[in-house]
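Colleague: Data: upload24.pdb, PDB, N, CA and C atoms.
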```pdb
MODEL        1
ATOM      1  N   MET A   1       4.763 -16.813  18.389
ATOM      2  CA  MET A   1       3.572 -16.016  18.345
ATOM      3  C   MET A   1       2.362 -16.916  18.525
ATOM      4  N   SER A   2       1.412 -16.512  19.309
ATOM      5  CA  SER A   2       0.227 -17.329  19.525
ATOM      6  C   SER A   2      -0.711 -17.248  18.331
ATOM      7  N   GLU A   3      -1.683 -18.174  18.301
ATOM      8  CA  GLU A   3      -2.645 -18.196  17.206
ATOM      9  C   GLU A   3      -3.492 -16.925  17.214
ATOM     10  N   LYS A   4      -3.826 -16.451  18.397
ATOM     11  CA  LYS A   4      -4.618 -15.232  18.500
ATOM     12  C   LYS A   4      -3.885 -14.061  17.844
ATOM     13  N   ASN A   5      -2.584 -13.945  18.115
ATOM     14  CA  ASN A   5      -1.798 -12.873  17.506
ATOM     15  C   ASN A   5      -1.753 -13.005  15.995
ATOM     16  N   ASN A   6      -1.631 -14.217  15.475
ATOM     17  CA  ASN A   6      -1.616 -14.404  14.029
ATOM     18  C   ASN A   6      -2.929 -13.963  13.403
ATOM     19  N   LYS A   7      -4.044 -14.237  14.051
ATOM     20  CA  LYS A   7      -5.338 -13.809  13.530
ATOM     21  C   LYS A   7      -5.433 -12.292  13.525
ATOM     22  N   ASN A   8      -4.948 -11.638  14.571
ATOM     23  CA  ASN A   8      -4.983 -10.183  14.621
ATOM     24  C   ASN A   8      -4.142  -9.569  13.510
ATOM     25  N   ILE A   9      -3.013 -10.171  13.213
ATOM     26  CA  ILE A   9      -2.158  -9.681  12.136
ATOM     27  C   ILE A   9      -2.889  -9.797  10.804
ATOM     28  N   ASP A  10      -3.569 -10.933  10.557
ATOM     29  CA  ASP A  10      -4.299 -11.111   9.314
ATOM     30  C   ASP A  10      -5.421 -10.089   9.175
ATOM     31  N   VAL A  11      -6.162  -9.862  10.245
ATOM     32  CA  VAL A  11      -7.260  -8.904  10.196
ATOM     33  C   VAL A  11      -6.709  -7.512   9.940
ATOM     34  N   GLU A  12      -5.645  -7.167  10.620
ATOM     35  CA  GLU A  12      -5.057  -5.851  10.441
ATOM     36  C   GLU A  12      -4.556  -5.673   9.010
ATOM     37  N   SER A  13      -3.899  -6.673   8.452
ATOM     38  CA  SER A  13      -3.402  -6.582   7.083
ATOM     39  C   SER A  13      -4.549  -6.438   6.096
ATOM     40  N   SER A  14      -5.620  -7.185   6.296
ATOM     41  CA  SER A  14      -6.747  -7.083   5.373
ATOM     42  C   SER A  14      -7.422  -5.724   5.483
ATOM     43  N   LEU A  15      -7.463  -5.158   6.671
ATOM     44  CA  LEU A  15      -8.024  -3.821   6.838
ATOM     45  C   LEU A  15      -7.141  -2.772   6.162
ATOM     46  N   ILE A  16      -5.842  -2.917   6.303
ATOM     47  CA  ILE A  16      -4.913  -2.001   5.644
ATOM     48  C   ILE A  16      -5.068  -2.090   4.129
ATOM     49  N   VAL A  17      -5.173  -3.302   3.597
ATOM     50  CA  VAL A  17      -5.348  -3.488   2.153
ATOM     51  C   VAL A  17      -6.644  -2.833   1.688
ATOM     52  N   GLN A  18      -7.711  -2.991   2.450
ATOM     53  CA  GLN A  18      -8.995  -2.387   2.090
ATOM     54  C   GLN A  18      -8.884  -0.861   2.050
ATOM     55  N   ILE A  19      -8.227  -0.279   3.035
ATOM     56  CA  ILE A  19      -8.051   1.175   3.084
ATOM     57  C   ILE A  19      -7.197   1.648   1.917
ATOM     58  N   ILE A  20      -6.135   0.905   1.598
ATOM     59  CA  ILE A  20      -5.280   1.263   0.462
ATOM     60  C   ILE A  20      -6.088   1.199  -0.837
ATOM     61  N   ASN A  21      -6.877   0.150  -1.013
ATOM     62  CA  ASN A  21      -7.696   0.029  -2.224
ATOM     63  C   ASN A  21      -8.637   1.213  -2.386
ATOM     64  N   GLU A  22      -9.312   1.596  -1.322
ATOM     65  CA  GLU A  22     -10.247   2.717  -1.383
ATOM     66  C   GLU A  22      -9.534   4.036  -1.667
ATOM     67  N   ALA A  23      -8.377   4.247  -1.054
ATOM     68  CA  ALA A  23      -7.642   5.496  -1.249
ATOM     69  C   ALA A  23      -7.106   5.618  -2.672
ATOM     70  N   VAL A  24      -6.603   4.517  -3.223
ATOM     71  CA  VAL A  24      -6.008   4.548  -4.566
ATOM     72  C   VAL A  24      -7.083   4.709  -5.641
ATOM     73  N   GLN A  25      -8.274   4.180  -5.415
ATOM     74  CA  GLN A  25      -9.353   4.311  -6.389
ATOM     75  C   GLN A  25      -9.705   5.769  -6.652
ATOM     76  N   ASN A  26      -9.463   6.634  -5.685
ATOM     77  CA  ASN A  26      -9.774   8.052  -5.829
ATOM     78  C   ASN A  26      -8.679   8.849  -6.521
ATOM     79  N   CYS A  27      -7.575   8.216  -6.873
ATOM     80  CA  CYS A  27      -6.449   8.919  -7.495
ATOM     81  C   CYS A  27      -6.584   8.909  -9.014
ATOM     82  N   TYR A  28      -6.535  10.080  -9.597
ATOM     83  CA  TYR A  28      -6.626  10.227 -11.044
ATOM     84  C   TYR A  28      -5.400   9.596 -11.713
ATOM     85  N   GLY A  29      -5.626   8.857 -12.795
ATOM     86  CA  GLY A  29      -4.534   8.278 -13.567
ATOM     87  C   GLY A  29      -4.117   6.889 -13.137
ATOM     88  N   VAL A  30      -4.698   6.374 -12.046
ATOM     89  CA  VAL A  30      -4.357   5.035 -11.573
ATOM     90  C   VAL A  30      -5.319   4.041 -12.219
ATOM     91  N   TYR A  31      -4.751   3.087 -12.928
ATOM     92  CA  TYR A  31      -5.532   2.062 -13.623
ATOM     93  C   TYR A  31      -5.816   0.869 -12.712
ATOM     94  N   GLY A  32      -4.882   0.543 -11.825
ATOM     95  CA  GLY A  32      -5.062  -0.581 -10.919
ATOM     96  C   GLY A  32      -3.762  -0.940 -10.228
ATOM     97  N   PHE A  33      -3.744  -2.129  -9.651
ATOM     98  CA  PHE A  33      -2.563  -2.626  -8.947
ATOM     99  C   PHE A  33      -1.810  -3.619  -9.817
ATOM    100  N   SER A  34      -0.506  -3.648  -9.667
ATOM    101  CA  SER A  34       0.338  -4.563 -10.423
ATOM    102  C   SER A  34       0.247  -5.968  -9.841
ATOM    103  N   GLU A  35       0.286  -6.943 -10.702
ATOM    104  CA  GLU A  35       0.295  -8.347 -10.267
ATOM    105  C   GLU A  35       1.721  -8.848 -10.027
ATOM    106  N   GLN A  36       2.721  -8.153 -10.539
ATOM    107  CA  GLN A  36       4.104  -8.629 -10.495
ATOM    108  C   GLN A  36       4.716  -8.554  -9.103
ATOM    109  N   ALA A  37       4.168  -7.769  -8.222
ATOM    110  CA  ALA A  37       4.741  -7.627  -6.879
ATOM    111  C   ALA A  37       4.525  -8.874  -6.033
ATOM    112  N   SER A  38       3.736  -9.823  -6.511
ATOM    113  CA  SER A  38       3.402 -11.006  -5.719
ATOM    114  C   SER A  38       4.608 -11.895  -5.428
ATOM    115  N   GLU A  39       5.692 -11.708  -6.134
ATOM    116  CA  GLU A  39       6.881 -12.529  -5.927
ATOM    117  C   GLU A  39       7.752 -12.015  -4.783
ATOM    118  N   LYS A  40       7.449 -10.840  -4.256
ATOM    119  CA  LYS A  40       8.297 -10.235  -3.237
ATOM    120  C   LYS A  40       7.843 -10.609  -1.832
ATOM    121  N   LYS A  41       8.772 -10.565  -0.911
ATOM    122  CA  LYS A  41       8.495 -10.893   0.492
ATOM    123  C   LYS A  41       7.557  -9.848   1.092
ATOM    124  N   GLY A  42       6.571 -10.305   1.845
ATOM    125  CA  GLY A  42       5.618  -9.404   2.479
ATOM    126  C   GLY A  42       4.362  -9.186   1.667
ATOM    127  N   TYR A  43       4.250  -9.846   0.526
ATOM    128  CA  TYR A  43       3.102  -9.710  -0.357
ATOM    129  C   TYR A  43       1.821 -10.088   0.377
ATOM    130  N   VAL A  44       0.798  -9.224   0.327
ATOM    131  CA  VAL A  44      -0.479  -9.529   0.962
ATOM    132  C   VAL A  44      -1.654  -9.430   0.001
ATOM    133  N   SER A  45      -1.500  -8.703  -1.081
ATOM    134  CA  SER A  45      -2.567  -8.505  -2.053
ATOM    135  C   SER A  45      -1.909  -8.034  -3.345
ATOM    136  N   PRO A  46      -2.566  -8.216  -4.499
ATOM    137  CA  PRO A  46      -1.937  -7.757  -5.744
ATOM    138  C   PRO A  46      -1.452  -6.310  -5.650
ATOM    139  N   GLY A  47      -0.153  -6.129  -5.833
ATOM    140  CA  GLY A  47       0.451  -4.807  -5.837
ATOM    141  C   GLY A  47       0.707  -4.200  -4.473
ATOM    142  N   ILE A  48       0.447  -4.914  -3.398
ATOM    143  CA  ILE A  48       0.618  -4.357  -2.054
ATOM    144  C   ILE A  48       1.517  -5.272  -1.227
ATOM    145  N   ILE A  49       2.568  -4.677  -0.694
ATOM    146  CA  ILE A  49       3.492  -5.413   0.172
ATOM    147  C   ILE A  49       3.558  -4.682   1.511
ATOM    148  N   ILE A  50       3.288  -5.420   2.583
ATOM    149  CA  ILE A  50       3.354  -4.858   3.930
ATOM    150  C   ILE A  50       4.428  -5.621   4.687
ATOM    151  N   GLN A  51       5.378  -4.887   5.245
ATOM    152  CA  GLN A  51       6.441  -5.520   6.014
ATOM    153  C   GLN A  51       6.414  -5.002   7.442
ATOM    154  N   ARG A  52       6.638  -5.911   8.363
ATOM    155  CA  ARG A  52       6.695  -5.559   9.780
ATOM    156  C   ARG A  52       8.159  -5.474  10.205
ATOM    157  N   HIS A  53       8.470  -4.444  10.947
ATOM    158  CA  HIS A  53       9.834  -4.222  11.418
ATOM    159  C   HIS A  53       9.946  -4.611  12.888
ATOM    160  N   PRO A  54      11.168  -4.836  13.376
ATOM    161  CA  PRO A  54      11.351  -5.229  14.782
ATOM    162  C   PRO A  54      10.752  -4.230  15.779
ATOM    163  N   ASP A  55      10.662  -2.970  15.404
ATOM    164  CA  ASP A  55      10.080  -1.967  16.308
ATOM    165  C   ASP A  55       8.546  -1.953  16.256
ATOM    166  N   ARG A  56       7.955  -2.979  15.599
ATOM    167  CA  ARG A  56       6.506  -3.184  15.486
ATOM    168  C   ARG A  56       5.828  -2.192  14.560
ATOM    169  N   ARG A  57       6.596  -1.384  13.839
ATOM    170  CA  ARG A  57       6.024  -0.476  12.860
ATOM    171  C   ARG A  57       5.963  -1.183  11.512
ATOM    172  N   LEU A  58       5.197  -0.635  10.608
ATOM    173  CA  LEU A  58       4.994  -1.241   9.298
ATOM    174  C   LEU A  58       5.548  -0.358   8.198
ATOM    175  N   SER A  59       5.898  -0.991   7.098
ATOM    176  CA  SER A  59       6.209  -0.257   5.878
ATOM    177  C   SER A  59       5.330  -0.841   4.771
ATOM    178  N   VAL A  60       4.910   0.024   3.872
ATOM    179  CA  VAL A  60       4.011  -0.384   2.797
ATOM    180  C   VAL A  60       4.625   0.021   1.463
ATOM    181  N   ASP A  61       4.672  -0.930   0.541
ATOM    182  CA  ASP A  61       5.061  -0.664  -0.843
ATOM    183  C   ASP A  61       3.847  -0.974  -1.708
ATOM    184  N   VAL A  62       3.476  -0.018  -2.567
ATOM    185  CA  VAL A  62       2.325  -0.184  -3.444
ATOM    186  C   VAL A  62       2.810  -0.045  -4.887
ATOM    187  N   TYR A  63       2.516  -1.068  -5.695
ATOM    188  CA  TYR A  63       2.918  -1.097  -7.102
ATOM    189  C   TYR A  63       1.684  -0.897  -7.963
ATOM    190  N   LEU A  64       1.682   0.187  -8.756
ATOM    191  CA  LEU A  64       0.501   0.569  -9.511
ATOM    192  C   LEU A  64       0.696   0.437 -11.018
ATOM    193  N   VAL A  65      -0.408   0.253 -11.696
ATOM    194  CA  VAL A  65      -0.470   0.347 -13.152
ATOM    195  C   VAL A  65      -1.127   1.695 -13.433
ATOM    196  N   LEU A  66      -0.455   2.526 -14.230
ATOM    197  CA  LEU A  66      -0.926   3.880 -14.490
ATOM    198  C   LEU A  66      -1.329   4.065 -15.942
ATOM    199  N   SER A  67      -2.170   5.039 -16.170
ATOM    200  CA  SER A  67      -2.539   5.428 -17.519
ATOM    201  C   SER A  67      -1.336   6.112 -18.153
ATOM    202  N   SER A  68      -1.094   5.840 -19.426
ATOM    203  CA  SER A  68       0.111   6.363 -20.079
ATOM    204  C   SER A  68      -0.015   7.819 -20.513
ATOM    205  N   ASP A  69      -1.206   8.372 -20.523
ATOM    206  CA  ASP A  69      -1.367   9.744 -21.003
ATOM    207  C   ASP A  69      -1.491  10.755 -19.856
ATOM    208  N   ILE A  70      -0.758  10.513 -18.769
ATOM    209  CA  ILE A  70      -0.731  11.425 -17.631
ATOM    210  C   ILE A  70       0.717  11.655 -17.219
ATOM    211  N   LYS A  71       0.925  12.639 -16.365
ATOM    212  CA  LYS A  71       2.267  12.892 -15.856
ATOM    213  C   LYS A  71       2.517  11.940 -14.684
ATOM    214  N   ILE A  72       3.371  10.968 -14.919
ATOM    215  CA  ILE A  72       3.582   9.866 -13.984
ATOM    216  C   ILE A  72       4.014  10.352 -12.605
ATOM    217  N   THR A  73       4.945  11.275 -12.551
ATOM    218  CA  THR A  73       5.447  11.737 -11.256
ATOM    219  C   THR A  73       4.352  12.396 -10.422
ATOM    220  N   GLU A  74       3.461  13.131 -11.086
ATOM    221  CA  GLU A  74       2.376  13.783 -10.362
ATOM    222  C   GLU A  74       1.380  12.777  -9.802
ATOM    223  N   VAL A  75       1.068  11.752 -10.591
ATOM    224  CA  VAL A  75       0.130  10.725 -10.125
ATOM    225  C   VAL A  75       0.735   9.959  -8.955
ATOM    226  N   LEU A  76       2.010   9.591  -9.053
ATOM    227  CA  LEU A  76       2.669   8.866  -7.958
ATOM    228  C   LEU A  76       2.734   9.714  -6.692
ATOM    229  N   ARG A  77       3.038  10.986  -6.845
ATOM    230  CA  ARG A  77       3.102  11.880  -5.683
ATOM    231  C   ARG A  77       1.731  12.009  -5.027
ATOM    232  N   GLU A  78       0.698  12.184  -5.842
ATOM    233  CA  GLU A  78      -0.663  12.298  -5.310
ATOM    234  C   GLU A  78      -1.096  11.008  -4.617
ATOM    235  N   ALA A  79      -0.804   9.866  -5.231
ATOM    236  CA  ALA A  79      -1.162   8.577  -4.639
ATOM    237  C   ALA A  79      -0.430   8.378  -3.312
ATOM    238  N   GLN A  80       0.854   8.711  -3.271
ATOM    239  CA  GLN A  80       1.623   8.554  -2.034
ATOM    240  C   GLN A  80       1.102   9.489  -0.943
ATOM    241  N   ASN A  81       0.811  10.734  -1.298
ATOM    242  CA  ASN A  81       0.270  11.668  -0.312
ATOM    243  C   ASN A  81      -1.079  11.190   0.220
ATOM    244  N   GLN A  82      -1.938  10.717  -0.679
ATOM    245  CA  GLN A  82      -3.256  10.225  -0.282
ATOM    246  C   GLN A  82      -3.132   9.012   0.641
ATOM    247  N   LEU A  83      -2.296   8.059   0.254
ATOM    248  CA  LEU A  83      -2.113   6.853   1.072
ATOM    249  C   LEU A  83      -1.518   7.170   2.437
ATOM    250  N   THR A  84      -0.501   7.995   2.464
ATOM    251  CA  THR A  84       0.134   8.372   3.725
ATOM    252  C   THR A  84      -0.866   9.047   4.656
ATOM    253  N   PHE A  85      -1.644   9.965   4.110
ATOM    254  CA  PHE A  85      -2.642  10.676   4.913
ATOM    255  C   PHE A  85      -3.687   9.715   5.479
ATOM    256  N   VAL A  86      -4.261   8.885   4.628
ATOM    257  CA  VAL A  86      -5.339   7.983   5.050
ATOM    258  C   VAL A  86      -4.830   6.944   6.045
ATOM    259  N   LEU A  87      -3.665   6.355   5.785
ATOM    260  CA  LEU A  87      -3.131   5.338   6.695
ATOM    261  C   LEU A  87      -2.757   5.925   8.050
ATOM    262  N   ASN A  88      -2.134   7.102   8.047
ATOM    263  CA  ASN A  88      -1.764   7.737   9.319
ATOM    264  C   ASN A  88      -2.989   8.226  10.087
ATOM    265  N   LYS A  89      -4.049   8.563   9.375
ATOM    266  CA  LYS A  89      -5.296   8.965  10.029
ATOM    267  C   LYS A  89      -5.940   7.762  10.730
ATOM    268  N   ASN A  90      -5.929   6.605  10.074
ATOM    269  CA  ASN A  90      -6.560   5.413  10.626
ATOM    270  C   ASN A  90      -5.670   4.657  11.613
ATOM    271  N   PHE A  91      -4.359   4.735  11.429
ATOM    272  CA  PHE A  91      -3.406   4.011  12.283
ATOM    273  C   PHE A  91      -2.265   4.950  12.678
ATOM    274  N   PRO A  92      -2.510   5.918  13.549
ATOM    275  CA  PRO A  92      -1.472   6.905  13.883
ATOM    276  C   PRO A  92      -0.194   6.261  14.437
ATOM    277  N   GLY A  93       0.940   6.681  13.903
ATOM    278  CA  GLY A  93       2.238   6.231  14.383
ATOM    279  C   GLY A  93       2.605   4.801  14.038
ATOM    280  N   THR A  94       1.832   4.145  13.185
ATOM    281  CA  THR A  94       2.058   2.738  12.864
ATOM    282  C   THR A  94       3.045   2.550  11.724
ATOM    283  N   PHE A  95       3.110   3.500  10.796
ATOM    284  CA  PHE A  95       3.868   3.294   9.568
ATOM    285  C   PHE A  95       5.203   4.008   9.581
ATOM    286  N   LYS A  96       6.242   3.254   9.225
ATOM    287  CA  LYS A  96       7.582   3.798   9.064
ATOM    288  C   LYS A  96       7.654   4.572   7.754
ATOM    289  N   TYR A  97       7.144   3.953   6.684
ATOM    290  CA  TYR A  97       7.063   4.634   5.400
ATOM    291  C   TYR A  97       5.999   3.997   4.520
ATOM    292  N   VAL A  98       5.551   4.791   3.552
ATOM    293  CA  VAL A  98       4.612   4.336   2.521
ATOM    294  C   VAL A  98       5.223   4.748   1.191
ATOM    295  N   ASP A  99       5.575   3.775   0.363
ATOM    296  CA  ASP A  99       6.162   4.056  -0.947
ATOM    297  C   ASP A  99       5.230   3.581  -2.046
ATOM    298  N   VAL A 100       5.168   4.370  -3.123
ATOM    299  CA  VAL A 100       4.311   4.045  -4.265
ATOM    300  C   VAL A 100       5.197   4.000  -5.512
ATOM    301  N   TYR A 101       5.033   2.940  -6.307
ATOM    302  CA  TYR A 101       5.838   2.740  -7.502
ATOM    303  C   TYR A 101       4.938   2.554  -8.727
ATOM    304  N   ALA A 102       5.399   3.019  -9.878
ATOM    305  CA  ALA A 102       4.726   2.736 -11.145
ATOM    306  C   ALA A 102       5.355   1.483 -11.707
ATOM    307  N   ASP A 103       4.567   0.429 -11.824
ATOM    308  CA  ASP A 103       5.091  -0.834 -12.319
ATOM    309  C   ASP A 103       4.916  -0.947 -13.833
ATOM    310  N   SER A 104       3.818  -0.416 -14.345
ATOM    311  CA  SER A 104       3.602  -0.451 -15.789
ATOM    312  C   SER A 104       2.591   0.615 -16.199
ATOM    313  N   LEU A 105       2.477   0.811 -17.511
ATOM    314  CA  LEU A 105       1.574   1.802 -18.072
ATOM    315  C   LEU A 105       0.615   1.129 -19.040
ATOM    316  N   VAL A 106      -0.592   1.672 -19.125
ATOM    317  CA  VAL A 106      -1.561   1.191 -20.116
ATOM    318  C   VAL A 106      -2.000   2.378 -20.970
ATOM    319  N   ALA A 107      -2.338   2.090 -22.198
ATOM    320  CA  ALA A 107      -2.762   3.161 -23.114
ATOM    321  C   ALA A 107      -4.203   3.516 -22.902
TER     322      ALA A 107
ENDMDL
END
```
Give the structure from this file in structure tokens form.

Modeller:
Amino acid sequence: MSEKNNKNIDVESSLIVQIINEAVQNCYGVYGFSEQASEKKGYVSPGIIIQRHPDRRLSVDVYLVLSSDIKITEVLREAQNQLTFVLNKNFPGTFKYVDVYADSLVA
């Protein structure tokens, strides 16, 4: 891969992270992003893992810290729907999947 391509990948990843951050901030019950996901392959930002597949599509895993006094499944579903909508709106046909996980809870 050329240096130019590597720079484009970095810019694209940082833009994706920015969009994910903005979308998740609007979700009720989300306290923040998990720090524990940093040990996994594809890590680009706290709680966000972006992986590139051979078909040039991307997959995104988002690990969240949630408030403990909410219905976890509803918050995760809302966050996943919001992220999927926003990412597909900004990058049509780019994503294979977007998964959202609850990594921990805070009181």

Colleague: With 7 Å as the cut-off and only N, CA and C atoms counted, what is the closest atom pair between each nearby residue of range 58-91 of chain A and range 48-52 of chain A? Distances in Å to one decimal, ordered by chain and number, as a Markdown table.

Modeller:
```
| residue | atom | partner | partner_atom | distance |
| --- | --- | --- | --- | --- |
| A:Leu58 | CA | A:Gln51 | C | 4.4 |
| A:Ser59 | N | A:Gln51 | C | 4.1 |
| A:Val60 | CA | A:Ile49 | C | 4.5 |
| A:Asp61 | N | A:Ile49 | C | 4.0 |
| A:Val62 | CA | A:Ile48 | CA | 4.7 |
| A:Tyr63 | N | A:Ile48 | N | 4.9 |
```

Colleague: Run through the PyMOL selection byres ((chain A and resi 14-27) around 8) on the given coordinates and return the selected residues as a tab-separated table (two decimals) with N, CA and C atoms, in the frame of the given file.

Modeller:
```
chain	number	residue	atom	x	y	z
A	8	ASN	N	-4.95	-11.64	14.57
A	8	ASN	CA	-4.98	-10.18	14.62
A	8	ASN	C	-4.14	-9.57	13.51
A	9	ILE	N	-3.01	-10.17	13.21
A	9	ILE	CA	-2.16	-9.68	12.14
A	9	ILE	C	-2.89	-9.80	10.80
A	10	ASP	N	-3.57	-10.93	10.56
A	10	ASP	CA	-4.30	-11.11	9.31
A	10	ASP	C	-5.42	-10.09	9.18
A	11	VAL	N	-6.16	-9.86	10.24
A	11	VAL	CA	-7.26	-8.90	10.20
A	11	VAL	C	-6.71	-7.51	9.94
A	12	GLU	N	-5.64	-7.17	10.62
A	12	GLU	CA	-5.06	-5.85	10.44
A	12	GLU	C	-4.56	-5.67	9.01
A	13	SER	N	-3.90	-6.67	8.45
A	13	SER	CA	-3.40	-6.58	7.08
A	13	SER	C	-4.55	-6.44	6.10
A	28	TYR	N	-6.54	10.08	-9.60
A	28	TYR	CA	-6.63	10.23	-11.04
A	28	TYR	C	-5.40	9.60	-11.71
A	29	GLY	N	-5.63	8.86	-12.80
A	29	GLY	CA	-4.53	8.28	-13.57
A	29	GLY	C	-4.12	6.89	-13.14
A	30	VAL	N	-4.70	6.37	-12.05
A	30	VAL	CA	-4.36	5.04	-11.57
A	30	VAL	C	-5.32	4.04	-12.22
A	31	TYR	N	-4.75	3.09	-12.93
A	31	TYR	CA	-5.53	2.06	-13.62
A	31	TYR	C	-5.82	0.87	-12.71
A	32	GLY	N	-4.88	0.54	-11.82
A	32	GLY	CA	-5.06	-0.58	-10.92
A	32	GLY	C	-3.76	-0.94	-10.23
A	44	VAL	N	0.80	-9.22	0.33
A	44	VAL	CA	-0.48	-9.53	0.96
A	44	VAL	C	-1.65	-9.43	0.00
A	45	SER	N	-1.50	-8.70	-1.08
A	45	SER	CA	-2.57	-8.51	-2.05
A	45	SER	C	-1.91	-8.03	-3.34
A	48	ILE	N	0.45	-4.91	-3.40
A	48	ILE	CA	0.62	-4.36	-2.05
A	48	ILE	C	1.52	-5.27	-1.23
A	75	VAL	N	1.07	11.75	-10.59
A	75	VAL	CA	0.13	10.72	-10.12
A	75	VAL	C	0.74	9.96	-8.96
A	78	GLU	N	0.70	12.18	-5.84
A	78	GLU	CA	-0.66	12.30	-5.31
A	78	GLU	C	-1.10	11.01	-4.62
A	79	ALA	N	-0.80	9.87	-5.23
A	79	ALA	CA	-1.16	8.58	-4.64
A	79	ALA	C	-0.43	8.38	-3.31
A	82	GLN	N	-1.94	10.72	-0.68
A	82	GLN	CA	-3.26	10.22	-0.28
A	82	GLN	C	-3.13	9.01	0.64
A	83	LEU	N	-2.30	8.06	0.25
A	83	LEU	CA	-2.11	6.85	1.07
A	83	LEU	C	-1.52	7.17	2.44
A	86	VAL	N	-4.26	8.88	4.63
A	86	VAL	CA	-5.34	7.98	5.05
A	86	VAL	C	-4.83	6.94	6.04
A	87	LEU	N	-3.66	6.36	5.78
A	87	LEU	CA	-3.13	5.34	6.70
A	87	LEU	C	-2.76	5.92	8.05
```

Colleague: Find the residue from A:Thr94, A:Ile70, A:Ala107, A:Tyr101 that sits nearest to Ser34 in chain A; use only C-alpha atoms when measuring.

Modeller: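 Using only C-alpha atoms, the shortest distance to Ser34 in chain A belongs to A:Tyr101.
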
Colleague: What does the distance from atom C of Ser68 in chain A to atom N of Asp99 in chain A come to in Å, to one decimal?

Modeller: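 According to the coordinates, atom C of Ser68 in chain A and atom N of Asp99 in chain A are separated by 22.0 Å.
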
Colleague: Just list as a PyMOL selection string whatever in range 3-87 of chain A DSSP marks as strand (DSSP E).

Modeller: chain A and resi 30-33+43-45+48-52+58-67

Colleague: Could you dump the residues just selected with N, CA and C atoms as a CSV table (one decimal), keeping the file's coordinate frame?

Modeller:
```csv
chain,number,residue,atom,x,y,z
A,30,VAL,N,-4.7,6.4,-12.0
A,30,VAL,CA,-4.4,5.0,-11.6
A,30,VAL,C,-5.3,4.0,-12.2
A,31,TYR,N,-4.8,3.1,-12.9
A,31,TYR,CA,-5.5,2.1,-13.6
A,31,TYR,C,-5.8,0.9,-12.7
A,32,GLY,N,-4.9,0.5,-11.8
A,32,GLY,CA,-5.1,-0.6,-10.9
A,32,GLY,C,-3.8,-0.9,-10.2
A,33,PHE,N,-3.7,-2.1,-9.7
A,33,PHE,CA,-2.6,-2.6,-8.9
A,33,PHE,C,-1.8,-3.6,-9.8
A,43,TYR,N,4.2,-9.8,0.5
A,43,TYR,CA,3.1,-9.7,-0.4
A,43,TYR,C,1.8,-10.1,0.4
A,44,VAL,N,0.8,-9.2,0.3
A,44,VAL,CA,-0.5,-9.5,1.0
A,44,VAL,C,-1.7,-9.4,0.0
A,45,SER,N,-1.5,-8.7,-1.1
A,45,SER,CA,-2.6,-8.5,-2.1
A,45,SER,C,-1.9,-8.0,-3.3
A,48,ILE,N,0.4,-4.9,-3.4
A,48,ILE,CA,0.6,-4.4,-2.1
A,48,ILE,C,1.5,-5.3,-1.2
A,49,ILE,N,2.6,-4.7,-0.7
A,49,ILE,CA,3.5,-5.4,0.2
A,49,ILE,C,3.6,-4.7,1.5
A,50,ILE,N,3.3,-5.4,2.6
A,50,ILE,CA,3.4,-4.9,3.9
A,50,ILE,C,4.4,-5.6,4.7
A,51,GLN,N,5.4,-4.9,5.2
A,51,GLN,CA,6.4,-5.5,6.0
A,51,GLN,C,6.4,-5.0,7.4
A,52,ARG,N,6.6,-5.9,8.4
A,52,ARG,CA,6.7,-5.6,9.8
A,52,ARG,C,8.2,-5.5,10.2
A,58,LEU,N,5.2,-0.6,10.6
A,58,LEU,CA,5.0,-1.2,9.3
A,58,LEU,C,5.5,-0.4,8.2
A,59,SER,N,5.9,-1.0,7.1
A,59,SER,CA,6.2,-0.3,5.9
A,59,SER,C,5.3,-0.8,4.8
A,60,VAL,N,4.9,0.0,3.9
A,60,VAL,CA,4.0,-0.4,2.8
A,60,VAL,C,4.6,0.0,1.5
A,61,ASP,N,4.7,-0.9,0.5
A,61,ASP,CA,5.1,-0.7,-0.8
A,61,ASP,C,3.8,-1.0,-1.7
A,62,VAL,N,3.5,0.0,-2.6
A,62,VAL,CA,2.3,-0.2,-3.4
A,62,VAL,C,2.8,0.0,-4.9
A,63,TYR,N,2.5,-1.1,-5.7
A,63,TYR,CA,2.9,-1.1,-7.1
A,63,TYR,C,1.7,-0.9,-8.0
A,64,LEU,N,1.7,0.2,-8.8
A,64,LEU,CA,0.5,0.6,-9.5
A,64,LEU,C,0.7,0.4,-11.0
A,65,VAL,N,-0.4,0.3,-11.7
A,65,VAL,CA,-0.5,0.3,-13.2
A,65,VAL,C,-1.1,1.7,-13.4
A,66,LEU,N,-0.5,2.5,-14.2
A,66,LEU,CA,-0.9,3.9,-14.5
A,66,LEU,C,-1.3,4.1,-15.9
A,67,SER,N,-2.2,5.0,-16.2
A,67,SER,CA,-2.5,5.4,-17.5
A,67,SER,C,-1.3,6.1,-18.2
```

Colleague: Name the closest residue to Arg57 in chain A among the candidates A:Asp69, A:Leu105, A:Tyr97, A:Gln80; distances are taken between atoms, counting only N, CA and C atoms.

Modeller: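 Closest residue, counting only N, CA and C atoms: A:Tyr97.
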
Colleague: Report the distance between CA of Val106 in chain A and CA of Asn81 in chain A in Å, rounded to one decimal place.

Modeller: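 Here the two named atoms are 22.5 Å from each other.
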
Colleague: Could you tell me how far CA of Thr73 in chain A lies from atom N of Val98 in chain A, in Å and to one decimal?

Modeller: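 Atom-to-atom, CA of Thr73 in chain A and atom N of Val98 in chain A are spaced 16.4 Å apart.
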